[in-house]
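Engineer: To start, I am sharing the structure in question, which I have written as structure tokens.
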Amino acid sequence: MDDNLLLSFEGAFAHQADFERELEPFLQALELGAGEWMPDIVKGKRRQSYSRAAIRKILREERGERSTSIGLYRKKWPVLDMSLRLRFPPLPSSLQVWLDVQPLALFAEDECCRSFMEMVRAWAIHYPAPYASAHSMADRELAGSPHFGRDAEVSRRDGFDKIYELCWLNVFGPKLVEGVGRERMLSTPAHLVEELPNGSVLLVLRPTAADFASDEARVAQARAHVHLRPDLDFDTVLNTLRERSAALAPVEPRFHPDLAPLLSRLPDEFAISERQQKIAELNAFQPPEPEEWLPVALPSDVENPERARSDYGDLSESLVAALHTQVPSIMEETPESLTDLDFYFWRENFPERYTRDLIDEHTAPALGAYLGGMLVRRLGGTWVPRQKLEESQVRVDKRVWLPFLRARRYMQSRQSLLDYSLTQFFREAERHRA
């Protein structure tokens, strides 16, 4: 659940020159500034180990009429997801960088942040940008978008005509500097305000990026923003920033014990900015106690119980055959595989993405058979077949359980996957085993 540092940069690129030679200052600054998050993989249609030669080769291979691009990554922690795109006429010539480093905590160190600033400074001098920024991804999301509250199309159409937000690191091009007023820009209360040779201004709010959500950092951010935008109200800006910090404050997971292995996976499926709120919601979630059981078994009413049990086995095997690629643990038929199935169906939003006929006629019966088979294999249960599938039972000591009924309820909606999870059903049966 770590936050990321996200840099977006788009600068001018001298396309008339040999683009490979023109790229050298970019690569030199990257290699000097990256440190722990230095890329070691270059990727186009194929992957190669990082080297300048590999970058040049892949950019040539990927070049189209109007652009060329590569991805830059790391094999190990910290995580790097970086893209470099060069655009050529008739498009406006540009060098575009999207750089995402995880964890943001890496940038709690002064030296790491200083190297990052120097890298961006070098890029901004050699590839003049109308605007560039680096900041917490989670905070960007809360502000509305990576463009900080502005639609991407509006940004492209209108340019950066106004300072909508302040990031930890900002590069303001000459047009934006003149719009604010160069003297006002250069007197901004911030950790670093530096005029670059091409008329741009590099502005860094704080020595480190990772503490952006602290109250001290929010006060500094609001003060600098209102200095650059006198039309804004300081208290209003600060209250908005504090609300964002509150939304990002860590929430300790306290999940229902039966469902903790499942619920702990869910927050990572949401945007970083939403995860703490989701943890709080899941902490409060209390699934209903399983009701799919009977104190006394209904007698079997099938002519050939052995044949019915064989049919249940076939149904279970059909589920394994259908899902063994997506859920490999299903082959092992362990309680953990039930949690993996719960997570798979929830992540895929299976009950609401697939047709009701498919679910009712195939998926739910197969799940019921797999779940019942788990009670037999892992808890020493015994099938008590019935003509009506949802009445078919598994006797585990003094209780009998209704796995097909559980599976039908489970497959009603995305929420029902949590309310009637396979994991919780199994754990409840396990507790009641003598």
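By order in the structure tokens, chains are A, B, ...; within a chain, residues start at 1; ligands start at 1, following the order shown.
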With a distance cut-off of 9 Å and only C-alpha atoms, select the neighbouring residues of stretch 18-32 of chain A, excluding the residue or stretch itself and same-chain residues fewer than 5 positions from it, and output the selection as an MDAnalysis selection string.
Structural biologist: chainID A and resid 13 38:39 52 56 59 86 115:116 118:123 126:127
Engineer: Would you kindly return, as a PDB file with N, CA, C and O atoms, in the first residue's frame, each protein, DNA or RNA residue with an atom no farther than 8 Å from any atom of stretch 253-261 of chain A, considering only C-alpha atoms and excluding same-chain residues fewer than 2 positions away?
Structural biologist:
```pdb
ATOM      1  N   VAL A 251      -4.709   3.754   8.361  1.00  0.00           N
ATOM      2  CA  VAL A 251      -5.718   3.096   9.190  1.00  0.00           C
ATOM      3  C   VAL A 251      -5.231   1.676   9.460  1.00  0.00           C
ATOM      4  O   VAL A 251      -4.892   0.949   8.529  1.00  0.00           O
ATOM      5  N   LEU A 263      -9.906 -10.031   3.038  1.00  0.00           N
ATOM      6  CA  LEU A 263     -10.096  -8.578   3.089  1.00  0.00           C
ATOM      7  C   LEU A 263      -8.771  -7.831   2.986  1.00  0.00           C
ATOM      8  O   LEU A 263      -8.729  -6.719   2.456  1.00  0.00           O
ATOM      9  N   SER A 264      -7.687  -8.427   3.475  1.00  0.00           N
ATOM     10  CA  SER A 264      -6.388  -7.750   3.414  1.00  0.00           C
ATOM     11  C   SER A 264      -5.914  -7.548   1.982  1.00  0.00           C
ATOM     12  O   SER A 264      -5.061  -6.709   1.721  1.00  0.00           O
ATOM     13  N   ARG A 265      -6.462  -8.311   1.041  1.00  0.00           N
ATOM     14  CA  ARG A 265      -6.065  -8.169  -0.364  1.00  0.00           C
ATOM     15  C   ARG A 265      -6.852  -7.078  -1.096  1.00  0.00           C
ATOM     16  O   ARG A 265      -6.408  -6.581  -2.128  1.00  0.00           O
ATOM     17  N   ILE A 279      -9.879   0.470   3.963  1.00  0.00           N
ATOM     18  CA  ILE A 279      -9.512  -0.313   5.142  1.00  0.00           C
ATOM     19  C   ILE A 279     -10.488  -0.025   6.278  1.00  0.00           C
ATOM     20  O   ILE A 279     -10.956  -0.945   6.968  1.00  0.00           O
ATOM     21  N   ALA A 280     -10.823   1.253   6.465  1.00  0.00           N
ATOM     22  CA  ALA A 280     -11.775   1.613   7.525  1.00  0.00           C
ATOM     23  C   ALA A 280     -13.138   0.961   7.272  1.00  0.00           C
ATOM     24  O   ALA A 280     -13.783   0.445   8.207  1.00  0.00           O
ATOM     25  N   LEU A 282     -13.728  -1.797   5.549  1.00  0.00           N
ATOM     26  CA  LEU A 282     -13.625  -3.245   5.724  1.00  0.00           C
ATOM     27  C   LEU A 282     -13.438  -3.616   7.194  1.00  0.00           C
ATOM     28  O   LEU A 282     -13.854  -4.698   7.613  1.00  0.00           O
ATOM     29  N   ASN A 283     -12.823  -2.724   7.980  1.00  0.00           N
ATOM     30  CA  ASN A 283     -12.756  -2.954   9.429  1.00  0.00           C
ATOM     31  C   ASN A 283     -14.155  -3.046  10.027  1.00  0.00           C
ATOM     32  O   ASN A 283     -14.404  -3.816  10.955  1.00  0.00           O
ATOM     33  N   ALA A 284     -15.062  -2.227   9.507  1.00  0.00           N
ATOM     34  CA  ALA A 284     -16.427  -2.174  10.048  1.00  0.00           C
ATOM     35  C   ALA A 284     -17.308  -3.300   9.513  1.00  0.00           C
ATOM     36  O   ALA A 284     -18.390  -3.549  10.053  1.00  0.00           O
ATOM     37  N   PHE A 285     -16.846  -3.979   8.478  1.00  0.00           N
ATOM     38  CA  PHE A 285     -17.673  -5.012   7.837  1.00  0.00           C
ATOM     39  C   PHE A 285     -17.776  -6.258   8.712  1.00  0.00           C
ATOM     40  O   PHE A 285     -16.766  -6.826   9.122  1.00  0.00           O
ATOM     41  N   GLN A 286     -18.983  -6.660   9.004  1.00  0.00           N
ATOM     42  CA  GLN A 286     -19.239  -7.885   9.764  1.00  0.00           C
ATOM     43  C   GLN A 286     -20.171  -8.772   8.945  1.00  0.00           C
ATOM     44  O   GLN A 286     -21.362  -8.487   8.831  1.00  0.00           O
ATOM     45  N   THR A 339      -9.988 -18.993  -0.274  1.00  0.00           N
ATOM     46  CA  THR A 339      -9.722 -17.553  -0.204  1.00  0.00           C
ATOM     47  C   THR A 339      -9.295 -17.024  -1.566  1.00  0.00           C
ATOM     48  O   THR A 339      -9.705 -15.928  -1.977  1.00  0.00           O
ATOM     49  N   THR A 423     -14.630 -18.878   2.193  1.00  0.00           N
ATOM     50  CA  THR A 423     -13.673 -18.970   3.292  1.00  0.00           C
ATOM     51  C   THR A 423     -14.384 -18.999   4.643  1.00  0.00           C
ATOM     52  O   THR A 423     -14.104 -19.844   5.497  1.00  0.00           O
ATOM     53  N   GLN A 424     -15.308 -18.068   4.851  1.00  0.00           N
ATOM     54  CA  GLN A 424     -15.997 -18.000   6.134  1.00  0.00           C
ATOM     55  C   GLN A 424     -16.832 -19.253   6.375  1.00  0.00           C
ATOM     56  O   GLN A 424     -16.887 -19.777   7.493  1.00  0.00           O
ATOM     57  N   ARG A 427     -14.531 -22.004   7.533  1.00  0.00           N
ATOM     58  CA  ARG A 427     -14.032 -21.780   8.883  1.00  0.00           C
ATOM     59  C   ARG A 427     -15.122 -22.040   9.933  1.00  0.00           C
ATOM     60  O   ARG A 427     -14.850 -22.550  11.021  1.00  0.00           O
TER      61      ARG A 427
END
```
Engineer: Do you know which residues are at most 10 Å from A:Ser337 counting only C-alpha atoms, after dropping those on the same chain fewer than 4 positions away, and could you put them as a PyMOL selection string?
Structural biologist: chain A and resi 327-333+341-343+374+422-423
Engineer: Env of A:Asp235: 9 Å cut, atoms = only C-alpha atoms, seq-sep filter 4 positions within chain, self excluded. Answer as a list in words.
Structural biologist: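 Counting only C-alpha atoms, the residues come to Ala222, Asn239 and Thr240 of chain A.
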Engineer: Could you write out that same residue set with C-alpha atoms as a short mmCIF file (atom, residue, chain, number, x, y, z; two decimals), in the first residue's frame?
Structural biologist:
```
data_model
loop_
_atom_site.label_atom_id
_atom_site.label_comp_id
_atom_site.auth_asym_id
_atom_site.auth_seq_id
_atom_site.Cartn_x
_atom_site.Cartn_y
_atom_site.Cartn_z
CA ALA A 222 -0.83 26.60 1.24
CA ASN A 239 -8.46 23.27 4.94
CA THR A 240 -8.64 21.46 1.59
#
```
Engineer: Do you have the atom CA of A:Pro230-atom CA of A:Met137 distance handy?
Structural biologist: 26.5 Å
Engineer: Residues at most 12 Å from A:Glu274, counting only C-alpha atoms, excluding those fewer than 5 positions away in the same chain, as a PyMOL selection string?
Structural biologist: chain A and resi 1+3+137-142+244-251+266-269+279-281
Engineer: Go ahead and save the picked residues with N, CA and C atoms, as a PDB file, in the first residue's frame.
Structural biologist:
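Result written to result13.pdb:
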```
ATOM      1  N   MET A   1       0.815  -1.202   0.000  1.00  0.00           N
ATOM      2  CA  MET A   1       0.000   0.000   0.000  1.00  0.00           C
ATOM      3  C   MET A   1       0.851   1.256   0.000  1.00  0.00           C
ATOM      4  N   ASP A   3       2.731   4.556  -1.041  1.00  0.00           N
ATOM      5  CA  ASP A   3       2.514   5.646  -1.985  1.00  0.00           C
ATOM      6  C   ASP A   3       3.695   5.698  -2.955  1.00  0.00           C
ATOM      7  N   MET A 137       1.639  10.352  -5.603  1.00  0.00           N
ATOM      8  CA  MET A 137       0.562   9.916  -6.487  1.00  0.00           C
ATOM      9  C   MET A 137      -0.788   9.955  -5.775  1.00  0.00           C
ATOM     10  N   ALA A 138      -0.812   9.523  -4.516  1.00  0.00           N
ATOM     11  CA  ALA A 138      -2.076   9.505  -3.778  1.00  0.00           C
ATOM     12  C   ALA A 138      -2.666  10.907  -3.667  1.00  0.00           C
ATOM     13  N   ASP A 139      -1.818  11.897  -3.384  1.00  0.00           N
ATOM     14  CA  ASP A 139      -2.316  13.263  -3.244  1.00  0.00           C
ATOM     15  C   ASP A 139      -2.773  13.811  -4.586  1.00  0.00           C
ATOM     16  N   ARG A 140      -2.081  13.444  -5.652  1.00  0.00           N
ATOM     17  CA  ARG A 140      -2.536  13.845  -6.995  1.00  0.00           C
ATOM     18  C   ARG A 140      -3.938  13.302  -7.260  1.00  0.00           C
ATOM     19  N   GLU A 141      -4.147  12.042  -6.904  1.00  0.00           N
ATOM     20  CA  GLU A 141      -5.465  11.439  -7.149  1.00  0.00           C
ATOM     21  C   GLU A 141      -6.551  12.160  -6.369  1.00  0.00           C
ATOM     22  N   LEU A 142      -6.260  12.509  -5.126  1.00  0.00           N
ATOM     23  CA  LEU A 142      -7.255  13.232  -4.329  1.00  0.00           C
ATOM     24  C   LEU A 142      -7.534  14.615  -4.900  1.00  0.00           C
ATOM     25  N   ARG A 244      -7.283  16.390   2.647  1.00  0.00           N
ATOM     26  CA  ARG A 244      -6.601  15.364   1.871  1.00  0.00           C
ATOM     27  C   ARG A 244      -5.653  14.564   2.750  1.00  0.00           C
ATOM     28  N   SER A 245      -4.937  15.247   3.645  1.00  0.00           N
ATOM     29  CA  SER A 245      -4.042  14.533   4.555  1.00  0.00           C
ATOM     30  C   SER A 245      -4.822  13.565   5.451  1.00  0.00           C
ATOM     31  N   ALA A 246      -5.978  14.004   5.929  1.00  0.00           N
ATOM     32  CA  ALA A 246      -6.795  13.135   6.778  1.00  0.00           C
ATOM     33  C   ALA A 246      -7.246  11.895   6.018  1.00  0.00           C
ATOM     34  N   ALA A 247      -7.587  12.075   4.746  1.00  0.00           N
ATOM     35  CA  ALA A 247      -8.032  10.935   3.928  1.00  0.00           C
ATOM     36  C   ALA A 247      -6.911   9.931   3.691  1.00  0.00           C
ATOM     37  N   LEU A 248      -5.659  10.403   3.764  1.00  0.00           N
ATOM     38  CA  LEU A 248      -4.515   9.532   3.507  1.00  0.00           C
ATOM     39  C   LEU A 248      -3.877   8.978   4.786  1.00  0.00           C
ATOM     40  N   ALA A 249      -4.373   9.410   5.953  1.00  0.00           N
ATOM     41  CA  ALA A 249      -3.786   8.961   7.211  1.00  0.00           C
ATOM     42  C   ALA A 249      -3.924   7.450   7.342  1.00  0.00           C
ATOM     43  N   PRO A 250      -2.861   6.742   7.736  1.00  0.00           N
ATOM     44  CA  PRO A 250      -2.909   5.272   7.812  1.00  0.00           C
ATOM     45  C   PRO A 250      -3.978   4.782   8.791  1.00  0.00           C
ATOM     46  N   VAL A 251      -4.709   3.754   8.361  1.00  0.00           N
ATOM     47  CA  VAL A 251      -5.718   3.096   9.190  1.00  0.00           C
ATOM     48  C   VAL A 251      -5.231   1.676   9.460  1.00  0.00           C
ATOM     49  N   LEU A 266      -8.018  -6.745  -0.582  1.00  0.00           N
ATOM     50  CA  LEU A 266      -8.920  -5.880  -1.344  1.00  0.00           C
ATOM     51  C   LEU A 266      -8.442  -4.440  -1.485  1.00  0.00           C
ATOM     52  N   PRO A 267      -7.885  -3.801  -0.439  1.00  0.00           N
ATOM     53  CA  PRO A 267      -7.523  -2.387  -0.596  1.00  0.00           C
ATOM     54  C   PRO A 267      -6.565  -2.119  -1.755  1.00  0.00           C
ATOM     55  N   ASP A 268      -5.663  -3.047  -2.034  1.00  0.00           N
ATOM     56  CA  ASP A 268      -4.707  -2.822  -3.123  1.00  0.00           C
ATOM     57  C   ASP A 268      -5.375  -2.774  -4.491  1.00  0.00           C
ATOM     58  N   GLU A 269      -6.629  -3.172  -4.574  1.00  0.00           N
ATOM     59  CA  GLU A 269      -7.355  -3.113  -5.842  1.00  0.00           C
ATOM     60  C   GLU A 269      -7.964  -1.744  -6.101  1.00  0.00           C
ATOM     61  N   ILE A 279      -9.879   0.470   3.963  1.00  0.00           N
ATOM     62  CA  ILE A 279      -9.512  -0.313   5.142  1.00  0.00           C
ATOM     63  C   ILE A 279     -10.488  -0.025   6.278  1.00  0.00           C
ATOM     64  N   ALA A 280     -10.823   1.253   6.465  1.00  0.00           N
ATOM     65  CA  ALA A 280     -11.775   1.613   7.525  1.00  0.00           C
ATOM     66  C   ALA A 280     -13.138   0.961   7.272  1.00  0.00           C
ATOM     67  N   GLU A 281     -13.581   0.961   6.019  1.00  0.00           N
ATOM     68  CA  GLU A 281     -14.872   0.338   5.687  1.00  0.00           C
ATOM     69  C   GLU A 281     -14.838  -1.162   5.930  1.00  0.00           C
TER      70      GLU A 281
END
```
Engineer: Quick one: everything within 9 Å of A:Asp301, counting only C-alpha atoms, minus sequence neighbours fewer than 3 positions away in the same chain. Send it as a PyMOL selection string.
Structural biologist: chain A and resi 298+304-305+385-387
Engineer: Which polymer residues have any atom within 12 Å of an atom of A:Glu361, counting only C-alpha atoms, with same-chain residues fewer than 3 positions away left out, as a VMD selection string?
Structural biologist: chain A and resid 315 355 to 358 364 to 368 389 404 407 to 408 411
Engineer: With DSSP run on the backbone, what are the strand (DSSP E or B) residues within stretch 1-118 of chain A? I'd like them as a ChimeraX atom specification.
Structural biologist: /A:5-12,41-43,47-49,67-73,79-87,94-102
Engineer: Between A:Leu319, A:Asp211, A:Pro295, A:Val226, single out the one closest to A:Lys398, counting only C-alpha atoms.
Structural biologist: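 Once distances to A:Lys398 are computed over only C-alpha atoms, the minimum belongs to A:Pro295.
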Engineer: Please identify every residue of stretch 45-149 of chain A that has at least one atom no farther than 10 Å from an atom of stretch 9-12 of chain A, counting only C-alpha atoms, and for each give the shortest atom pair and the distance in Å to one decimal, arranged by chain then increasing number, as JSON lines.
Structural biologist:
```
{"residue": "A:Leu84", "atom": "CA", "partner": "A:Phe9", "partner_atom": "CA", "distance": 9.8}
{"residue": "A:Arg85", "atom": "CA", "partner": "A:Glu10", "partner_atom": "CA", "distance": 9.3}
{"residue": "A:Leu86", "atom": "CA", "partner": "A:Glu10", "partner_atom": "CA", "distance": 9.6}
{"residue": "A:Arg87", "atom": "CA", "partner": "A:Ala12", "partner_atom": "CA", "distance": 9.6}
{"residue": "A:Pro92", "atom": "CA", "partner": "A:Ala12", "partner_atom": "CA", "distance": 8.3}
{"residue": "A:Ser93", "atom": "CA", "partner": "A:Ala12", "partner_atom": "CA", "distance": 6.2}
{"residue": "A:Ser94", "atom": "CA", "partner": "A:Ala12", "partner_atom": "CA", "distance": 4.6}
{"residue": "A:Leu95", "atom": "CA", "partner": "A:Gly11", "partner_atom": "CA", "distance": 5.3}
{"residue": "A:Gln96", "atom": "CA", "partner": "A:Glu10", "partner_atom": "CA", "distance": 4.3}
{"residue": "A:Val97", "atom": "CA", "partner": "A:Phe9", "partner_atom": "CA", "distance": 5.1}
{"residue": "A:Trp98", "atom": "CA", "partner": "A:Phe9", "partner_atom": "CA", "distance": 6.6}
{"residue": "A:Leu99", "atom": "CA", "partner": "A:Phe9", "partner_atom": "CA", "distance": 8.5}
{"residue": "A:Val120", "atom": "CA", "partner": "A:Phe9", "partner_atom": "CA", "distance": 8.7}
{"residue": "A:Trp123", "atom": "CA", "partner": "A:Gly11", "partner_atom": "CA", "distance": 8.0}
{"residue": "A:Ala124", "atom": "CA", "partner": "A:Gly11", "partner_atom": "CA", "distance": 7.2}
{"residue": "A:Ile125", "atom": "CA", "partner": "A:Gly11", "partner_atom": "CA", "distance": 9.5}
{"residue": "A:His126", "atom": "CA", "partner": "A:Ala12", "partner_atom": "CA", "distance": 8.4}
{"residue": "A:Tyr127", "atom": "CA", "partner": "A:Gly11", "partner_atom": "CA", "distance": 4.7}
{"residue": "A:Pro128", "atom": "CA", "partner": "A:Gly11", "partner_atom": "CA", "distance": 5.0}
{"residue": "A:Ala129", "atom": "CA", "partner": "A:Gly11", "partner_atom": "CA", "distance": 4.1}
{"residue": "A:Pro130", "atom": "CA", "partner": "A:Gly11", "partner_atom": "CA", "distance": 7.2}
{"residue": "A:Tyr131", "atom": "CA", "partner": "A:Phe9", "partner_atom": "CA", "distance": 7.3}
{"residue": "A:Ala132", "atom": "CA", "partner": "A:Phe9", "partner_atom": "CA", "distance": 4.7}
{"residue": "A:Ser133", "atom": "CA", "partner": "A:Phe9", "partner_atom": "CA", "distance": 6.8}
{"residue": "A:Ala134", "atom": "CA", "partner": "A:Phe9", "partner_atom": "CA", "distance": 8.6}
```
Engineer: Any idea what the distance is between atom CA of A:Glu317 and atom CA of A:Ala369?
Structural biologist: 8.9 Å
Engineer: From the options A:Ser392, A:Ser69, A:Ser136, A:Ser51, which residue's atoms come nearest to A:Glu292, counting only C-alpha atoms?
Structural biologist: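 Answer, going by the shortest atom-to-atom distance: A:Ser392.
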Engineer: With distances taken over only C-alpha atoms, which residue among A:Trp383, A:Ala322, A:Gln412, A:Leu417 lies nearest A:Ile359?
Structural biologist: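 Checking each candidate against A:Ile359, we get A:Gln412 as the closest.
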Engineer: Enumerate, as a PyMOL selection string, the complete set of residues in stretch 132-266 of chain A that a backbone-based DSSP assignment places in alpha helix (DSSP H).
Structural biologist: chain A and resi 137-143+152-158+174-180+182-186+215-228+234-248+260-263
Engineer: Given only C-alpha atoms as the basis, pick out the residue of A:Leu232, A:Arg275, A:Ala209, A:Leu106 nearest to A:Glu252.
Structural biologist: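 Between A:Leu232, A:Arg275, A:Ala209, A:Leu106, the residue approaching A:Glu252 most closely is A:Arg275.
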